[in-house]
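Peer 1: Here's a structure for you.
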Amino acid sequence: QVQLVESGGGLVQPGGSLRLSCRASGFVFNRFSLRWYRQAPGKERELVASSISPSGYTDYLDSVKGRFTISRDNDGSTVYLQMNSLKPEDTAVYYCNAAMLDSSYWGQGTQVTVSS
């Protein structure tokens, strides 16, 4: 059974940091490209960060470049999103996604709220 389980969200003040985790099971993790998306209330889901397999190439939404870092632990089947210098506009539900060819799996999402 395929599962992606996110954790690490919460309430943080502007300028603070959070690290999101997404633990995967049920598929060959290191063959899949991994992405973090987010969706704010009333807005469309947007791609935040990508880790492309097998090249290891990473890419980021312009507004998070230099603040967010995606990383993966293939042995532990986990992808992370380190978020620093958080801003109120980063408030959203964050989702991890694993994709390869015609297969695409999603986690349930974790809420990140940046507010003073």
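In the structure tokens, the first chain shown is A, the next is B, and so on; residue numbers restart at 1 for each chain, and ligands run from 1 in the order shown.
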Show which residues sit within 7 Å of region 8-13 of chain A, as a compact mmCIF listing (two decimals) with C-alpha atoms, in the first residue's frame. Count only C-alpha atoms, and ignore same-chain residues fewer than 5 positions away.
Peer 2:
```
# COMPACT_ATOMS: atom_id res chain seq x y z
CA LEU A 18 10.24 24.82 10.11
CA ARG A 19 11.31 21.51 8.65
CA LEU A 20 8.67 19.43 6.93
CA SER A 21 9.11 15.68 6.54
CA THR A 110 0.40 19.56 6.64
CA GLN A 111 -0.62 23.08 7.66
CA VAL A 112 2.01 25.80 7.92
CA THR A 113 0.90 29.09 9.44
CA VAL A 114 3.26 32.06 9.63
CA SER A 115 1.87 34.72 11.91
CA SER A 116 2.82 36.93 14.81
```
Peer 1: Apply DSSP to the backbone of this structure and, from chain A, keep only the residues in strand (DSSP E or B); write these as a PyMOL selection string.
Peer 2: chain A and resi 3-7+10-12+18-25+33-39+46-51+58-60+68-73+78-83+92-100+103-106+110-114
Peer 1: With only C-alpha atoms as the basis for distance, which of A:Asp59, A:Leu86, A:Met100, A:Tyr105 is at the shortest distance from Arg31 (chain A)?
Peer 2: A:Met100
Peer 1: Near Ser103 (chain A), counting only C-alpha atoms, which residues have an atom at most 12 Å away, once you skip same-chain residues fewer than 2 positions from it, shown as a PyMOL selection string?
Peer 2: chain A and resi 2+27-28+31-34+97-101+105-106
Peer 1: Go ahead and write the selection's residues with N, CA, C and O atoms as a PDB file, in the first residue's frame.
Peer 2:
```
ATOM      1  N   VAL A   2       0.643   2.134  -0.954  1.00  0.00           N
ATOM      2  CA  VAL A   2       1.425   3.356  -1.067  1.00  0.00           C
ATOM      3  C   VAL A   2       0.961   4.368  -0.025  1.00  0.00           C
ATOM      4  O   VAL A   2      -0.235   4.593   0.154  1.00  0.00           O
ATOM      5  N   PHE A  27       6.509   1.897  -2.371  1.00  0.00           N
ATOM      6  CA  PHE A  27       7.040   2.006  -3.726  1.00  0.00           C
ATOM      7  C   PHE A  27       8.543   2.216  -3.638  1.00  0.00           C
ATOM      8  O   PHE A  27       9.091   2.473  -2.554  1.00  0.00           O
ATOM      9  N   VAL A  28       9.231   2.099  -4.778  1.00  0.00           N
ATOM     10  CA  VAL A  28      10.684   2.210  -4.810  1.00  0.00           C
ATOM     11  C   VAL A  28      11.066   3.686  -4.778  1.00  0.00           C
ATOM     12  O   VAL A  28      11.136   4.360  -5.812  1.00  0.00           O
ATOM     13  N   ARG A  31      13.571   5.856  -7.092  1.00  0.00           N
ATOM     14  CA  ARG A  31      13.287   5.985  -8.517  1.00  0.00           C
ATOM     15  C   ARG A  31      12.347   7.145  -8.828  1.00  0.00           C
ATOM     16  O   ARG A  31      12.140   7.479  -9.998  1.00  0.00           O
ATOM     17  N   PHE A  32      11.758   7.715  -7.793  1.00  0.00           N
ATOM     18  CA  PHE A  32      10.734   8.723  -7.978  1.00  0.00           C
ATOM     19  C   PHE A  32      11.295  10.126  -7.781  1.00  0.00           C
ATOM     20  O   PHE A  32      12.107  10.367  -6.886  1.00  0.00           O
ATOM     21  N   SER A  33      10.830  11.053  -8.611  1.00  0.00           N
ATOM     22  CA  SER A  33      11.067  12.463  -8.361  1.00  0.00           C
ATOM     23  C   SER A  33      10.111  12.914  -7.252  1.00  0.00           C
ATOM     24  O   SER A  33       8.962  12.461  -7.188  1.00  0.00           O
ATOM     25  N   LEU A  34      10.618  13.797  -6.425  1.00  0.00           N
ATOM     26  CA  LEU A  34       9.853  14.227  -5.261  1.00  0.00           C
ATOM     27  C   LEU A  34       9.639  15.731  -5.317  1.00  0.00           C
ATOM     28  O   LEU A  34      10.563  16.480  -5.677  1.00  0.00           O
ATOM     29  N   ASN A  97       4.678  15.118  -2.987  1.00  0.00           N
ATOM     30  CA  ASN A  97       4.270  14.339  -4.156  1.00  0.00           C
ATOM     31  C   ASN A  97       5.455  13.516  -4.634  1.00  0.00           C
ATOM     32  O   ASN A  97       6.580  14.007  -4.692  1.00  0.00           O
ATOM     33  N   ALA A  98       5.178  12.267  -4.977  1.00  0.00           N
ATOM     34  CA  ALA A  98       6.176  11.389  -5.584  1.00  0.00           C
ATOM     35  C   ALA A  98       5.659  10.975  -6.955  1.00  0.00           C
ATOM     36  O   ALA A  98       4.506  10.533  -7.071  1.00  0.00           O
ATOM     37  N   ALA A  99       6.480  11.139  -7.981  1.00  0.00           N
ATOM     38  CA  ALA A  99       6.014  10.875  -9.336  1.00  0.00           C
ATOM     39  C   ALA A  99       7.091  10.200 -10.177  1.00  0.00           C
ATOM     40  O   ALA A  99       8.281  10.519 -10.066  1.00  0.00           O
ATOM     41  N   MET A 100       6.643   9.283 -11.022  1.00  0.00           N
ATOM     42  CA  MET A 100       7.516   8.633 -11.996  1.00  0.00           C
ATOM     43  C   MET A 100       6.637   8.102 -13.110  1.00  0.00           C
ATOM     44  O   MET A 100       5.695   7.361 -12.844  1.00  0.00           O
ATOM     45  N   LEU A 101       6.930   8.519 -14.332  1.00  0.00           N
ATOM     46  CA  LEU A 101       6.135   8.100 -15.512  1.00  0.00           C
ATOM     47  C   LEU A 101       4.657   8.383 -15.231  1.00  0.00           C
ATOM     48  O   LEU A 101       4.274   9.514 -14.996  1.00  0.00           O
ATOM     49  N   TYR A 105       1.823  10.017  -6.538  1.00  0.00           N
ATOM     50  CA  TYR A 105       1.252   9.792  -5.219  1.00  0.00           C
ATOM     51  C   TYR A 105       1.323  11.081  -4.407  1.00  0.00           C
ATOM     52  O   TYR A 105       2.298  11.841  -4.511  1.00  0.00           O
ATOM     53  N   TRP A 106       0.322  11.276  -3.547  1.00  0.00           N
ATOM     54  CA  TRP A 106       0.222  12.486  -2.744  1.00  0.00           C
ATOM     55  C   TRP A 106       0.074  12.164  -1.268  1.00  0.00           C
ATOM     56  O   TRP A 106      -0.562  11.164  -0.901  1.00  0.00           O
TER      57      TRP A 106
END
```
Peer 1: So, counting only C-alpha atoms, which residue among A:Ser17, A:Tyr95, A:Glu44, A:Ser55 is closest to Asn30 (chain A)?
Peer 2: A:Ser55
Peer 1: Tell me which of A:Ile52, A:Ala40, A:Val79, A:Leu61 sits closest to Cys96 (chain A), counting only C-alpha atoms.
Peer 2: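 Under the stated criterion, the closest residue is A:Val79.
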Peer 1: Excluding Thr58 (chain A) and any residue of its chain fewer than 5 positions from it, enumerate the residues within 9 Å of it, using only C-alpha atoms, and give them as a list of chain:residue names.
Peer 2: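 Here the answer would be A:Ala49, A:Ser50, A:Ser51, A:Ile52, A:Thr69, A:Ile70, A:Ser71.
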Peer 1: Write the residues you've just listed into a file as a short mmCIF file (atom, residue, chain, number, x, y, z; two decimals), in the first residue's frame, and include N, CA and C atoms for each of them.
Peer 2:
```
data_model
loop_
_atom_site.label_atom_id
_atom_site.label_comp_id
_atom_site.auth_asym_id
_atom_site.auth_seq_id
_atom_site.Cartn_x
_atom_site.Cartn_y
_atom_site.Cartn_z
N ALA A 49 9.03 23.16 -4.59
CA ALA A 49 10.39 22.64 -4.70
C ALA A 49 10.36 21.25 -5.32
N SER A 50 11.41 20.94 -6.09
CA SER A 50 11.50 19.65 -6.78
C SER A 50 12.87 19.02 -6.54
N SER A 51 12.88 17.70 -6.42
CA SER A 51 14.11 16.91 -6.39
C SER A 51 13.93 15.82 -7.44
N ILE A 52 14.65 15.95 -8.54
CA ILE A 52 14.42 15.10 -9.69
C ILE A 52 15.33 13.86 -9.62
N THR A 69 14.94 24.65 1.26
CA THR A 69 15.82 23.63 0.73
C THR A 69 15.13 22.28 0.76
N ILE A 70 15.07 21.63 -0.40
CA ILE A 70 14.53 20.27 -0.47
C ILE A 70 15.69 19.28 -0.38
N SER A 71 15.50 18.21 0.37
CA SER A 71 16.51 17.16 0.46
C SER A 71 15.79 15.82 0.61
#
```
Peer 1: For Ser53 (chain A), which residue out of A:Arg35, A:Ala24, A:Lys65, A:Pro41 is the nearest one, using only C-alpha atoms?
Peer 2: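 Comparing A:Arg35, A:Ala24, A:Lys65, A:Pro41 against Ser53 (chain A), the winner is A:Arg35.
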Peer 1: Give the answer as one residue: which of A:Val5, A:Gly16, A:Asp62, A:Cys22 has the shortest atom-to-atom distance to Tyr80 (chain A), using only C-alpha atoms?
Peer 2: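 Ranking A:Val5, A:Gly16, A:Asp62, A:Cys22 by distance to Tyr80 (chain A), first place goes to A:Cys22.
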